[in-house]
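Next up, start-v7.cif (mmCIF, C-alpha atoms and all ligand atoms):
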```cif
data_upload
#
loop_
_atom_site.label_atom_id
_atom_site.label_comp_id
_atom_site.auth_asym_id
_atom_site.auth_seq_id
_atom_site.Cartn_x
_atom_site.Cartn_y
_atom_site.Cartn_z
CA MET A 30 119.96 -51.37 32.15
CA LEU A 31 116.30 -51.51 31.08
CA LEU A 32 114.10 -54.06 32.77
CA ALA A 33 112.92 -56.72 30.30
CA MET A 34 109.73 -58.79 30.56
CA ALA A 35 112.02 -61.83 30.91
CA ASP A 36 112.98 -60.45 34.37
CA LEU A 37 109.42 -61.11 35.52
CA PRO A 38 109.28 -64.10 37.89
CA PRO A 39 106.60 -66.60 36.72
CA THR A 40 104.64 -66.42 39.99
CA ALA A 41 105.27 -62.90 41.15
CA ASP A 42 103.37 -61.66 44.21
CA LEU A 43 102.08 -58.10 44.75
CA ASN A 44 105.19 -56.88 46.58
CA THR A 45 107.53 -58.24 43.91
CA LEU A 46 105.45 -56.68 41.12
CA ARG A 47 105.38 -53.32 42.93
CA THR A 48 109.16 -53.43 43.46
CA LEU A 49 109.54 -54.03 39.71
CA ILE A 50 107.16 -51.12 38.94
CA ASP A 51 109.24 -48.89 41.25
CA ARG A 52 112.39 -49.86 39.33
CA VAL A 53 110.74 -49.14 35.98
CA ASP A 54 109.49 -45.78 37.27
CA ARG A 55 113.02 -44.80 38.29
CA GLU A 56 114.30 -45.79 34.85
CA LEU A 57 111.48 -43.81 33.23
CA LEU A 58 112.31 -40.76 35.37
CA ALA A 59 115.98 -40.95 34.36
CA LEU A 60 114.95 -41.20 30.69
CA LEU A 61 112.50 -38.31 31.03
CA ASN A 62 115.27 -36.19 32.53
CA ARG A 63 117.53 -37.08 29.60
CA ARG A 64 114.72 -36.02 27.26
CA ALA A 65 114.25 -32.79 29.24
CA SER A 66 117.99 -31.97 28.92
CA LEU A 67 117.77 -32.46 25.17
CA ALA A 68 114.72 -30.17 25.00
CA GLN A 69 116.69 -27.57 27.01
CA ALA A 70 119.50 -27.82 24.46
CA VAL A 71 116.94 -27.32 21.64
CA GLY A 72 115.66 -24.29 23.60
CA GLU A 73 119.19 -22.80 23.70
CA LEU A 74 119.55 -23.27 19.93
CA LYS A 75 116.18 -21.62 19.30
CA LYS A 76 117.14 -18.70 21.55
CA LYS A 77 120.30 -18.14 19.47
CA GLU A 78 118.29 -18.33 16.23
CA GLY A 79 115.52 -16.13 17.69
CA SER A 80 112.92 -18.76 16.74
CA VAL A 81 109.76 -19.80 18.58
CA VAL A 82 109.62 -22.68 21.06
CA PHE A 83 106.17 -24.16 20.42
CA ARG A 84 106.15 -26.27 17.24
CA PRO A 85 102.70 -27.86 16.85
CA GLU A 86 103.75 -29.73 13.69
CA ARG A 87 106.73 -31.33 15.50
CA GLU A 88 104.58 -32.30 18.50
CA ALA A 89 101.99 -33.87 16.15
CA GLN A 90 104.77 -35.82 14.38
CA VAL A 91 106.23 -37.05 17.70
CA ILE A 92 102.81 -38.38 18.78
CA ASP A 93 101.92 -39.87 15.36
CA GLY A 94 105.34 -41.57 15.21
CA LEU A 95 104.98 -43.16 18.65
CA LYS A 96 101.40 -44.30 17.97
CA ALA A 97 102.61 -46.02 14.83
CA VAL A 98 105.26 -48.07 16.70
CA ASN A 99 103.27 -48.79 19.89
CA THR A 100 103.13 -52.53 20.46
CA GLY A 101 101.04 -52.41 23.67
CA PRO A 102 99.75 -53.43 26.12
CA LEU A 103 99.61 -49.63 26.57
CA MET A 104 96.57 -48.52 24.52
CA THR A 105 97.37 -46.41 21.47
CA GLU A 106 94.80 -43.80 22.67
CA SER A 107 96.93 -43.38 25.81
CA VAL A 108 99.99 -42.28 23.81
CA ALA A 109 98.78 -38.76 22.89
CA PRO A 110 97.75 -37.58 26.42
CA ILE A 111 100.94 -38.99 28.00
CA TRP A 112 103.29 -37.40 25.46
CA ARG A 113 101.41 -34.10 25.45
CA GLU A 114 102.21 -33.83 29.17
CA ILE A 115 105.83 -34.85 28.63
CA MET A 116 106.26 -32.27 25.88
CA SER A 117 104.42 -29.67 27.97
CA ALA A 118 106.94 -30.17 30.80
CA CYS A 119 109.87 -30.07 28.33
CA ARG A 120 108.49 -26.94 26.64
CA ALA A 121 108.18 -25.23 30.04
CA LEU A 122 111.98 -25.68 30.48
CA GLU A 123 112.50 -23.80 27.23
CA THR A 124 110.02 -20.94 27.93
CA PRO A 125 106.69 -20.39 29.78
CA THR A 126 103.60 -20.85 27.56
CA ARG A 127 100.87 -18.32 28.46
CA VAL A 128 97.42 -19.49 27.37
CA ALA A 129 94.17 -17.45 27.47
CA TYR A 130 90.78 -19.19 27.50
CA LEU A 131 87.20 -18.64 28.63
CA GLY A 132 87.34 -19.06 32.42
CA PRO A 133 86.94 -19.24 35.33
CA ALA A 134 88.58 -22.47 36.51
CA GLY A 135 86.64 -25.59 35.54
CA THR A 136 85.29 -24.53 32.10
CA PHE A 137 85.45 -26.87 29.12
CA SER A 138 87.70 -24.22 27.51
CA GLU A 139 90.17 -24.72 30.37
CA LEU A 140 90.01 -28.51 29.87
CA ALA A 141 90.63 -27.98 26.14
CA ALA A 142 93.61 -25.70 26.87
CA LEU A 143 95.14 -28.25 29.27
CA GLY A 144 94.40 -31.15 26.91
CA TYR A 145 96.16 -29.37 24.03
CA PHE A 146 99.12 -27.68 25.79
CA GLY A 147 99.42 -29.99 28.84
CA ASN A 148 99.46 -28.82 32.46
CA SER A 149 102.81 -27.00 32.39
CA ILE A 150 101.36 -23.69 31.17
CA VAL A 151 100.59 -20.27 32.62
CA ARG A 152 96.78 -20.12 32.72
CA ILE A 153 95.04 -16.87 31.79
CA PRO A 154 91.28 -17.29 32.36
CA CYS A 155 89.21 -14.57 30.61
CA VAL A 156 85.60 -13.42 31.19
CA SER A 157 84.48 -13.70 27.54
CA ILE A 158 85.50 -15.00 24.13
CA ASP A 159 86.12 -11.36 23.12
CA GLU A 160 88.60 -11.02 25.98
CA VAL A 161 90.44 -14.19 24.90
CA PHE A 162 90.95 -12.63 21.45
CA ARG A 163 91.93 -9.22 22.93
CA THR A 164 94.37 -10.71 25.46
CA THR A 165 96.07 -12.74 22.72
CA SER A 166 96.09 -9.82 20.23
CA ALA A 167 97.65 -7.54 22.85
CA GLY A 168 100.41 -10.08 23.60
CA ALA A 169 99.40 -10.68 27.25
CA ALA A 170 98.95 -14.34 26.23
CA ASP A 171 101.00 -16.30 23.69
CA PHE A 172 97.99 -18.35 22.62
CA GLY A 173 94.21 -18.26 22.96
CA VAL A 174 91.83 -21.24 23.01
CA VAL A 175 88.35 -20.49 21.62
CA PRO A 176 85.35 -22.76 20.93
CA VAL A 177 84.37 -22.82 17.24
CA GLU A 178 81.67 -25.45 16.87
CA ASN A 179 79.62 -27.95 18.79
CA SER A 180 78.28 -31.21 17.39
CA THR A 181 74.75 -30.44 18.69
CA GLU A 182 74.48 -26.67 18.53
CA GLY A 183 76.58 -25.87 15.46
CA VAL A 184 78.92 -22.92 15.17
CA VAL A 185 79.99 -20.60 17.98
CA ALA A 186 79.03 -17.43 16.12
CA ARG A 187 81.03 -15.01 18.26
CA SER A 188 84.32 -16.82 17.58
CA LEU A 189 83.67 -16.94 13.84
CA ASP A 190 82.83 -13.20 13.78
CA LEU A 191 86.01 -12.34 15.70
CA PHE A 192 88.17 -14.40 13.29
CA LEU A 193 87.06 -11.92 10.67
CA THR A 194 88.10 -8.76 12.48
CA GLU A 195 90.93 -9.75 14.86
CA PRO A 196 94.52 -9.96 13.59
CA LEU A 197 95.01 -13.51 14.88
CA PHE A 198 95.49 -16.79 13.07
CA ILE A 199 94.87 -20.42 13.92
CA ILE A 200 97.84 -22.69 14.66
CA GLY A 201 96.02 -25.69 16.10
CA GLU A 202 92.76 -27.41 16.87
CA THR A 203 91.52 -29.73 19.57
CA SER A 204 88.16 -31.28 20.32
CA LEU A 205 86.64 -32.38 23.55
CA PHE A 206 83.85 -34.75 24.54
CA VAL A 207 81.49 -32.48 26.46
CA ARG A 208 79.61 -34.14 29.30
CA HIS A 209 77.23 -31.81 31.12
CA ASN A 210 76.07 -32.51 34.68
CA LEU A 211 73.39 -30.88 36.79
CA LEU A 212 75.16 -29.51 39.89
CA ARG A 213 73.83 -28.09 43.13
CA LYS A 214 74.82 -27.42 46.74
CA HIS A 215 71.87 -29.54 48.05
CA ASN A 216 71.63 -33.16 46.91
CA THR A 217 68.02 -32.87 45.59
CA LEU A 218 66.09 -31.58 42.58
CA GLN A 219 63.43 -30.14 44.94
CA GLY A 220 63.36 -26.36 45.32
CA ILE A 221 65.58 -25.40 42.38
CA GLU A 222 64.55 -21.89 41.27
CA ALA A 223 66.90 -21.41 38.33
CA VAL A 224 69.48 -23.38 36.31
CA CYS A 225 72.51 -21.23 35.44
CA ALA A 226 74.76 -22.07 32.49
CA HIS A 227 76.29 -20.71 29.30
CA PRO A 228 73.55 -20.36 26.62
CA GLN A 229 75.21 -23.14 24.54
CA ALA A 230 75.04 -25.56 27.49
CA LEU A 231 71.40 -24.66 28.21
CA ALA A 232 70.62 -25.38 24.54
CA GLN A 233 72.58 -28.69 24.58
CA CYS A 234 70.50 -29.86 27.59
CA HIS A 235 67.15 -28.51 26.35
CA GLY A 236 65.43 -31.94 26.22
CA TRP A 237 66.54 -33.01 29.70
CA LEU A 238 65.56 -29.67 31.26
CA SER A 239 62.12 -29.77 29.58
CA ASN A 240 61.51 -33.30 30.93
CA HIS A 241 62.88 -32.97 34.44
CA LEU A 242 62.66 -29.27 35.37
CA PRO A 243 59.94 -27.96 33.00
CA ASN A 244 58.93 -24.95 35.13
CA VAL A 245 62.36 -23.89 36.29
CA GLU A 246 63.94 -20.69 34.91
CA ARG A 247 66.95 -21.22 32.59
CA ARG A 248 69.37 -18.41 33.36
CA PRO A 249 72.13 -17.72 30.81
CA VAL A 250 75.48 -16.69 32.36
CA ALA A 251 78.96 -15.96 30.92
CA SER A 252 80.31 -19.52 31.39
CA ASN A 253 79.31 -22.84 32.95
CA ALA A 254 81.94 -22.42 35.63
CA GLU A 255 80.45 -19.01 36.48
CA GLY A 256 77.08 -20.81 36.85
CA ALA A 257 78.75 -23.33 39.20
CA ARG A 258 80.25 -20.48 41.22
CA LEU A 259 76.80 -18.86 41.58
CA ALA A 260 75.23 -22.23 42.56
CA ALA A 261 77.89 -22.65 45.25
CA GLU A 262 76.85 -19.29 46.74
CA ASP A 263 73.07 -19.76 46.53
CA SER A 264 71.42 -23.14 47.22
CA ARG A 265 68.27 -22.13 45.26
CA LEU A 266 70.36 -22.24 42.07
CA ALA A 267 71.60 -25.24 40.08
CA ALA A 268 74.28 -25.20 37.37
CA ILE A 269 75.18 -27.19 34.28
CA ALA A 270 78.90 -27.85 34.21
CA SER A 271 81.77 -30.36 34.10
CA ASP A 272 82.85 -32.88 36.77
CA ARG A 273 85.87 -30.66 37.30
CA ALA A 274 83.64 -27.65 38.09
CA ALA A 275 81.70 -29.84 40.59
CA SER A 276 84.87 -30.59 42.56
CA GLU A 277 86.25 -27.06 42.08
CA TYR A 278 83.11 -25.48 43.65
CA GLY A 279 82.17 -28.28 46.09
CA LEU A 280 78.82 -29.13 44.41
CA HIS A 281 76.84 -32.40 44.21
CA VAL A 282 76.36 -34.02 40.81
CA LEU A 283 72.53 -34.38 40.91
CA SER A 284 72.35 -35.85 37.44
CA PRO A 285 75.39 -36.81 35.30
CA GLY A 286 75.51 -36.61 31.49
CA ILE A 287 72.32 -34.57 30.91
CA GLN A 288 73.29 -33.38 27.39
CA ASP A 289 70.70 -34.40 24.77
CA ASP A 290 73.38 -35.84 22.46
CA PRO A 291 75.46 -38.57 24.16
CA HIS A 292 78.29 -37.90 21.65
CA ASN A 293 78.30 -34.12 22.27
CA ARG A 294 81.71 -32.72 21.20
CA THR A 295 83.10 -29.20 21.00
CA ARG A 296 85.90 -28.20 18.69
CA PHE A 297 88.32 -25.47 19.77
CA ALA A 298 90.78 -23.40 17.74
CA ILE A 299 94.20 -22.38 19.07
CA VAL A 300 94.97 -18.82 18.00
CA THR A 301 98.06 -16.63 18.12
CA HIS A 302 99.41 -13.35 16.73
CA PRO A 303 101.32 -13.56 13.42
CA THR A 304 104.11 -11.27 14.67
CA ARG A 305 104.80 -13.64 17.55
CA HIS A 306 104.43 -16.99 15.87
CA PRO A 307 105.07 -18.21 12.32
CA GLN A 308 102.58 -20.39 10.47
CA PRO A 309 103.29 -24.04 11.42
CA LYS A 310 105.23 -26.02 8.82
CA SER A 311 103.58 -29.05 7.22
CA SER A 312 103.14 -32.01 9.59
CA GLY A 313 101.88 -34.28 6.79
CA HIS A 314 98.28 -34.22 8.16
CA ASP A 315 97.17 -30.61 8.07
CA CYS A 316 94.08 -28.46 7.81
CA THR A 317 93.87 -24.98 6.27
CA SER A 318 91.07 -22.63 7.37
CA LEU A 319 89.89 -19.57 5.47
CA VAL A 320 87.01 -17.13 5.28
CA VAL A 321 85.82 -15.76 1.95
CA SER A 322 82.92 -13.92 0.36
CA VAL A 323 81.75 -13.69 -3.23
CA THR A 324 79.59 -11.09 -4.97
CA ASN A 325 75.87 -11.87 -4.81
CA ARG A 326 75.15 -13.33 -8.27
CA PRO A 327 73.78 -16.65 -9.57
CA GLY A 328 76.42 -19.41 -9.56
CA ALA A 329 78.97 -17.43 -7.53
CA VAL A 330 79.23 -20.03 -4.73
CA HIS A 331 79.52 -22.84 -7.24
CA ASP A 332 82.32 -21.01 -9.09
CA MET A 333 84.15 -20.46 -5.81
CA LEU A 334 84.30 -24.21 -5.18
CA VAL A 335 85.48 -25.17 -8.70
CA PRO A 336 89.23 -24.61 -8.00
CA LEU A 337 89.02 -27.06 -5.08
CA LYS A 338 87.52 -29.79 -7.26
CA GLN A 339 89.94 -29.08 -10.12
CA HIS A 340 92.98 -29.42 -7.87
CA ASP A 341 91.57 -32.40 -5.96
CA VAL A 342 91.57 -30.63 -2.60
CA SER A 343 89.06 -31.98 -0.03
CA MET A 344 86.85 -29.56 1.80
CA THR A 345 86.05 -30.78 5.33
CA ARG A 346 83.91 -27.86 6.49
CA PHE A 347 81.73 -25.20 4.87
CA GLU A 348 79.83 -22.76 7.10
CA SER A 349 78.09 -19.51 6.23
CA ARG A 350 77.55 -16.42 8.39
CA PRO A 351 75.55 -13.34 7.37
CA ALA A 352 77.81 -10.42 6.38
CA ARG A 353 75.41 -8.00 8.14
CA SER A 354 75.27 -5.78 5.05
CA GLY A 355 71.47 -6.13 4.80
CA GLN A 356 72.01 -7.44 1.24
CA TRP A 357 71.69 -11.20 1.92
CA GLU A 358 75.48 -11.49 1.57
CA TYR A 359 77.46 -14.10 3.43
CA TYR A 360 80.93 -14.97 4.63
CA PHE A 361 81.90 -18.59 4.04
CA TYR A 362 84.17 -20.37 6.51
CA ILE A 363 86.01 -23.18 4.75
CA ASP A 364 88.36 -25.90 6.02
CA LEU A 365 90.56 -27.67 3.47
CA GLN A 366 92.68 -30.74 3.90
CA GLY A 367 96.38 -30.01 3.33
CA HIS A 368 98.98 -27.28 3.77
CA PRO A 369 99.69 -24.26 1.50
CA ASP A 370 103.18 -25.80 0.94
CA ASP A 371 101.42 -28.65 -0.96
CA ALA A 372 101.39 -27.70 -4.66
CA LYS A 373 97.71 -28.73 -5.09
CA VAL A 374 96.55 -26.64 -2.13
CA ALA A 375 98.68 -23.65 -3.21
CA ALA A 376 97.19 -23.73 -6.74
CA ALA A 377 93.61 -24.09 -5.44
CA LEU A 378 94.09 -21.19 -2.98
CA LYS A 379 95.55 -18.95 -5.67
CA GLU A 380 92.57 -19.51 -7.99
CA LEU A 381 90.07 -19.25 -5.16
CA ARG A 382 91.55 -15.92 -4.06
CA ALA A 383 91.12 -14.61 -7.61
CA VAL A 384 87.34 -15.33 -7.69
CA CYS A 385 86.53 -14.03 -4.19
CA ALA A 386 85.50 -10.50 -3.27
CA PHE A 387 87.03 -11.09 0.18
CA PHE A 388 89.67 -13.68 1.14
CA LYS A 389 91.39 -14.19 4.51
CA LEU A 390 93.58 -17.15 5.38
CA LEU A 391 92.71 -17.99 8.99
CA GLY A 392 95.56 -20.43 9.47
CA THR A 393 97.08 -23.78 8.68
CA TYR A 394 97.75 -26.36 11.39
CA PRO A 395 98.15 -30.07 12.16
CA ILE A 396 94.87 -31.99 12.34
CA ASP A 397 94.01 -32.88 15.95
CA VAL A 398 95.81 -36.10 17.00
CA HIS A 399 94.15 -38.28 19.65
O1 LIG B 401 111.70 -30.24 18.85
C1 LIG B 401 111.57 -29.11 19.34
O2 LIG B 401 111.54 -28.09 18.63
C2 LIG B 401 111.47 -28.95 20.80
O3 LIG B 401 111.51 -27.83 21.29
C3 LIG B 401 111.21 -30.14 21.65
C4 LIG B 401 109.74 -30.36 21.91
C5 LIG B 401 109.63 -31.75 22.63
O4 LIG B 401 109.51 -31.76 23.85
O5 LIG B 401 109.68 -32.76 21.92
C6 LIG B 401 109.21 -29.27 22.77
C7 LIG B 401 108.54 -28.19 22.24
C8 LIG B 401 108.14 -28.09 20.84
O6 LIG B 401 106.82 -27.65 20.72
C9 LIG B 401 108.34 -29.35 20.10
C10 LIG B 401 108.98 -30.42 20.63
#
```

Take the structure in the file and write it out as structure tokens.
Ligand SMILES: O=C(O)C(=O)C[C@]1(C(=O)O)C=C[C@@H](O)C=C1
Amino acid sequence: MLLAMADLPPTADLNTLRTLIDRVDRELLALLNRRASLAQAVGELKKKEGSVVFRPEREAQVIDGLKAVNTGPLMTESVAPIWREIMSACRALETPTRVAYLGPAGTFSELAALGYFGNSIVRIPCVSIDEVFRTTSAGAADFGVVPVENSTEGVVARSLDLFLTEPLFIIGETSLFVRHNLLRKHNTLQGIEAVCAHPQALAQCHGWLSNHLPNVERRPVASNAEGARLAAEDSRLAAIASDRAASEYGLHVLSPGIQDDPHNRTRFAIVTHPTRHPQPKSSGHDCTSLVVSVTNRPGAVHDMLVPLKQHDVSMTRFESRPARSGQWEYYFYIDLQGHPDDAKVAAALKELRAVCAFFKLLGTYPIDVH
């Protein structure tokens, strides 16, 4: 029988309260095991049907549904991380989820991968964003997690360029608050010869570095965690990386939160191969991403956006990247609100496709739930 608040003695002491917490934990464990058995049964059904295990739209609906009925005192923001872990553990009983991301251990990409899929995954750290795409395209990973934009630095150009050429599509998104710390083996700023970090992190901490270490070399490396690894080997080096990288590589946090923008966030896309995963069904709160180009003539960009206005479809992102044709031509990366199963979105996409010289649907997926 579930423990009710009425069972709580009016003047409970610490031992009594802890005994009650132990009882609740045992009840929770029994319930979680019931849930896990149900997920296993779903897994068996899916195996018979030959369908995929990971259903981002269903996971988003589970979390949204629980947030809507949460009465507290548990904070509503706590619901998503708790249930992501529960579903991660249940999913692992159905099949292993192999996830590629920019490694090594301790990168923000790893944090994003764990935040989105939970801890019950097979981790595949890669040396570059290109390798994340390649590993996922080749089927050595089921999913890849790649950074797409940062609130301070703008787009991650390499990811956008690879979306164009690689045969992958987006099935999810997640964003992460990015807090950069200055890390070093010695607990002092004296004697630092170079600060090693990913170029994006060096750029996000430009102001702090100019004020505090104006004459120190800024050395770009493949990832922040790689910088932390180098700093752990050579005490003349410092790194810019996460708290997790500090503990992973045994470094001191000389200065926490050195990013110029205190609200610095990075958005990541979750990619997969279309032969291994279908496009997620509508969750009710979805985003559709595409890349298009139009011929270089006056009014072409305006004309391209007309179908969206006519069908009342909101555009939440519009980015341009040079097409590298030498002709001042551009690719436009567009995010729309809605799912191609919505009649309005389907009509807008059909008309948009007709006016574009190039059109590629990058994916449709549930909007990130926190
Ligand atoms: O509902 C399903 O399809 C399940 O497999 C169960 C479950 C869950 O744990 O709730 C697990 C994996 C899916 O990604 C979605 C949900």

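When all atoms listed in the file are used to compute distances to ligand LIG 401 (chain B), the closest of the residues A:Ile158, A:Ala59, A:Ile50, A:Leu95 turns out to be A:Leu95.
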
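With only C-alpha atoms and all ligand atoms as the basis for measurement, A:His306 is the residue among A:His306, A:Ala232, A:Ile269, A:Val250 that approaches ligand LIG 401 (chain B) most closely.
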
Expected selection as an mmCIF file with C-alpha atoms, keeping the file's coordinate frame for ligand LIG 401 (chain B) within 7 Å, only C-alpha atoms and all ligand atoms:
```
data_model
loop_
_atom_site.group_PDB
_atom_site.id
_atom_site.type_symbol
_atom_site.label_atom_id
_atom_site.label_comp_id
_atom_site.auth_asym_id
_atom_site.auth_seq_id
_atom_site.Cartn_x
_atom_site.Cartn_y
_atom_site.Cartn_z
ATOM 1 C CA ALA A 68 114.720 -30.170 25.000
ATOM 2 C CA VAL A 71 116.940 -27.320 21.640
ATOM 3 C CA GLY A 72 115.660 -24.290 23.600
ATOM 4 C CA VAL A 82 109.620 -22.680 21.060
ATOM 5 C CA PHE A 83 106.170 -24.160 20.420
ATOM 6 C CA ARG A 84 106.150 -26.270 17.240
ATOM 7 C CA PRO A 85 102.700 -27.860 16.850
ATOM 8 C CA ARG A 87 106.730 -31.330 15.500
ATOM 9 C CA GLU A 88 104.580 -32.300 18.500
ATOM 10 C CA VAL A 91 106.230 -37.050 17.700
ATOM 11 C CA ILE A 115 105.830 -34.850 28.630
ATOM 12 C CA MET A 116 106.260 -32.270 25.880
ATOM 13 C CA SER A 117 104.420 -29.670 27.970
ATOM 14 C CA CYS A 119 109.870 -30.070 28.330
ATOM 15 C CA ARG A 120 108.490 -26.940 26.640
#
```

Rank A:Ala386, A:Val161, A:Ala376, A:Ala270 by their smallest atom-to-atom distance to A:Arg187, using all atoms listed in the file, and report the top residue only. A:Val161

Using all atoms listed in the file, I'd like a table of the residues in stretch 175-291 of chain A that come within 10 Å of stretch 307-319 of chain A; for each, show the closest atom pair and its distance in Å rounded to one decimal, ordered by chain and ascending number, as JSON lines.
```
{"residue": "A:Phe192", "atom": "CA", "partner": "A:Leu319", "partner_atom": "CA", "distance": 9.5}
{"residue": "A:Leu193", "atom": "CA", "partner": "A:Leu319", "partner_atom": "CA", "distance": 9.7}
{"residue": "A:Phe198", "atom": "CA", "partner": "A:Gln308", "partner_atom": "CA", "distance": 8.4}
{"residue": "A:Ile199", "atom": "CA", "partner": "A:Ser318", "partner_atom": "CA", "distance": 7.9}
{"residue": "A:Ile200", "atom": "CA", "partner": "A:Pro309", "partner_atom": "CA", "distance": 6.5}
{"residue": "A:Gly201", "atom": "CA", "partner": "A:Pro309", "partner_atom": "CA", "distance": 8.8}
{"residue": "A:Glu202", "atom": "CA", "partner": "A:Cys316", "partner_atom": "CA", "distance": 9.2}
```

Can you work out which one of A:Glu123, A:Arg305, A:Leu283, A:Ala230 has the shortest atom-to-atom distance to A:Ala170, counting all atoms listed in the file?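 Under the stated criterion, the closest residue is A:Arg305.
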
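Ranking A:Asn325, A:Thr126, A:Gln69, A:Thr194 by their shortest atom-to-atom distance to A:Phe146, with all atoms listed in the file included, puts A:Thr126 first.
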
Counting only C-alpha atoms, which residues in stretch 85-199 of chain A sit no more than 12 Å from stretch 204-207 of chain A? For each one, give the nearest pair of atoms and the distance in Å, sorted by chain then residue number, as a tab-separated table.
```
residue	atom	partner	partner_atom	distance
A:Thr136	CA	A:Val207	CA	10.5
A:Phe137	CA	A:Val207	CA	7.4
A:Ser138	CA	A:Leu205	CA	9.1
A:Glu139	CA	A:Leu205	CA	10.8
A:Leu140	CA	A:Leu205	CA	8.1
A:Ala141	CA	A:Leu205	CA	6.5
A:Ala142	CA	A:Ser204	CA	10.2
A:Leu143	CA	A:Leu205	CA	11.0
A:Gly144	CA	A:Leu205	CA	8.5
A:Tyr145	CA	A:Ser204	CA	9.0
A:Val174	CA	A:Ser204	CA	11.0
A:Val175	CA	A:Ser204	CA	10.9
A:Pro176	CA	A:Ser204	CA	9.0
A:Val177	CA	A:Ser204	CA	9.8
A:Glu178	CA	A:Ser204	CA	9.4
A:Asn179	CA	A:Val207	CA	9.1
A:Ser180	CA	A:Val207	CA	9.7
A:Thr181	CA	A:Val207	CA	10.5
```

Write out as a ChimeraX atom specification the residues lying within 8 Å of A:Ala118, counting only C-alpha atoms and excluding same-chain residues fewer than 6 positions away. /A:65,147-149

Nearest residue to A:Ala89 out of A:Met344, A:Ala383, A:Ile111, A:Ile396, using all atoms listed in the file?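 Counting all atoms listed in the file, the residue closest to A:Ala89 is A:Ile396.
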
One number please: atom CA of A:Lys214 to atom CA of A:Trp237, in Å, one decimal.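 Atom CA of A:Lys214 sits 19.8 Å away from atom CA of A:Trp237.
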
To test the calculation: enclose all listed atoms of stretch 186-193 of chain A in a box whose edges run along x, y and z, add 6 Å on each side, then state centre and edge lengths in Å to one decimal, as JSON.
```
{"center_x": 83.6, "center_y": -14.7, "center_z": 14.5, "size_x": 21.1, "size_y": 17.5, "size_z": 19.6}
```

What does the structure give for the distance between atom CA of A:Thr301 and atom CA of A:Pro196, in Å to one decimal? 8.8 Å

Spatial neighbours of A:Ser252, max dist 8 Å, all atoms listed in the file, sep filter under 6 positions, as a VMD selection string: chain A and resid 131 to 133 136 226 to 227

I need the residues from that last selection saved to file as a PDB file, keeping the file's coordinate frame (with C-alpha atoms), if you can.
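Result file again22.pdb:
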```
ATOM      1  CA  LEU A 131      87.200 -18.640  28.630  1.00  0.00           C
ATOM      2  CA  GLY A 132      87.340 -19.060  32.420  1.00  0.00           C
ATOM      3  CA  PRO A 133      86.940 -19.240  35.330  1.00  0.00           C
ATOM      4  CA  THR A 136      85.290 -24.530  32.100  1.00  0.00           C
ATOM      5  CA  ALA A 226      74.760 -22.070  32.490  1.00  0.00           C
ATOM      6  CA  HIS A 227      76.290 -20.710  29.300  1.00  0.00           C
TER       7      HIS A 227
END
```

Measure the distance from atom CA of A:Thr164 to atom CA of A:Phe297 in Å and round it to one decimal.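 Computing it gives 16.9 Å between the two atoms.
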
Report as a VMD selection string all protein, DNA and RNA residues lying within 12 Å of A:Arg247, evaluated on all atoms listed in the file, omitting residues in the same chain fewer than 6 positions from it. chain A and resid 221 to 232 234 to 235 238 to 239 256 266 to 269

File of the preceding selection, C-alpha atoms, as an mmCIF file, in the frame of the given file:
```cif
data_model
loop_
_atom_site.group_PDB
_atom_site.id
_atom_site.type_symbol
_atom_site.label_atom_id
_atom_site.label_comp_id
_atom_site.auth_asym_id
_atom_site.auth_seq_id
_atom_site.Cartn_x
_atom_site.Cartn_y
_atom_site.Cartn_z
ATOM 1 C CA ILE A 221 65.580 -25.400 42.380
ATOM 2 C CA GLU A 222 64.550 -21.890 41.270
ATOM 3 C CA ALA A 223 66.900 -21.410 38.330
ATOM 4 C CA VAL A 224 69.480 -23.380 36.310
ATOM 5 C CA CYS A 225 72.510 -21.230 35.440
ATOM 6 C CA ALA A 226 74.760 -22.070 32.490
ATOM 7 C CA HIS A 227 76.290 -20.710 29.300
ATOM 8 C CA PRO A 228 73.550 -20.360 26.620
ATOM 9 C CA GLN A 229 75.210 -23.140 24.540
ATOM 10 C CA ALA A 230 75.040 -25.560 27.490
ATOM 11 C CA LEU A 231 71.400 -24.660 28.210
ATOM 12 C CA ALA A 232 70.620 -25.380 24.540
ATOM 13 C CA CYS A 234 70.500 -29.860 27.590
ATOM 14 C CA HIS A 235 67.150 -28.510 26.350
ATOM 15 C CA LEU A 238 65.560 -29.670 31.260
ATOM 16 C CA SER A 239 62.120 -29.770 29.580
ATOM 17 C CA GLY A 256 77.080 -20.810 36.850
ATOM 18 C CA LEU A 266 70.360 -22.240 42.070
ATOM 19 C CA ALA A 267 71.600 -25.240 40.080
ATOM 20 C CA ALA A 268 74.280 -25.200 37.370
ATOM 21 C CA ILE A 269 75.180 -27.190 34.280
#
```

Shell of 7 Å around A:Arg208, only C-alpha atoms, local chain residues under 5 positions omitted, as an mmCIF file with C-alpha atoms, in the coordinates of the input:
```cif
data_model
loop_
_atom_site.group_PDB
_atom_site.id
_atom_site.type_symbol
_atom_site.label_atom_id
_atom_site.label_comp_id
_atom_site.auth_asym_id
_atom_site.auth_seq_id
_atom_site.Cartn_x
_atom_site.Cartn_y
_atom_site.Cartn_z
ATOM 1 C CA SER A 271 81.770 -30.360 34.100
ATOM 2 C CA GLY A 286 75.510 -36.610 31.490
ATOM 3 C CA GLN A 288 73.290 -33.380 27.390
#
```
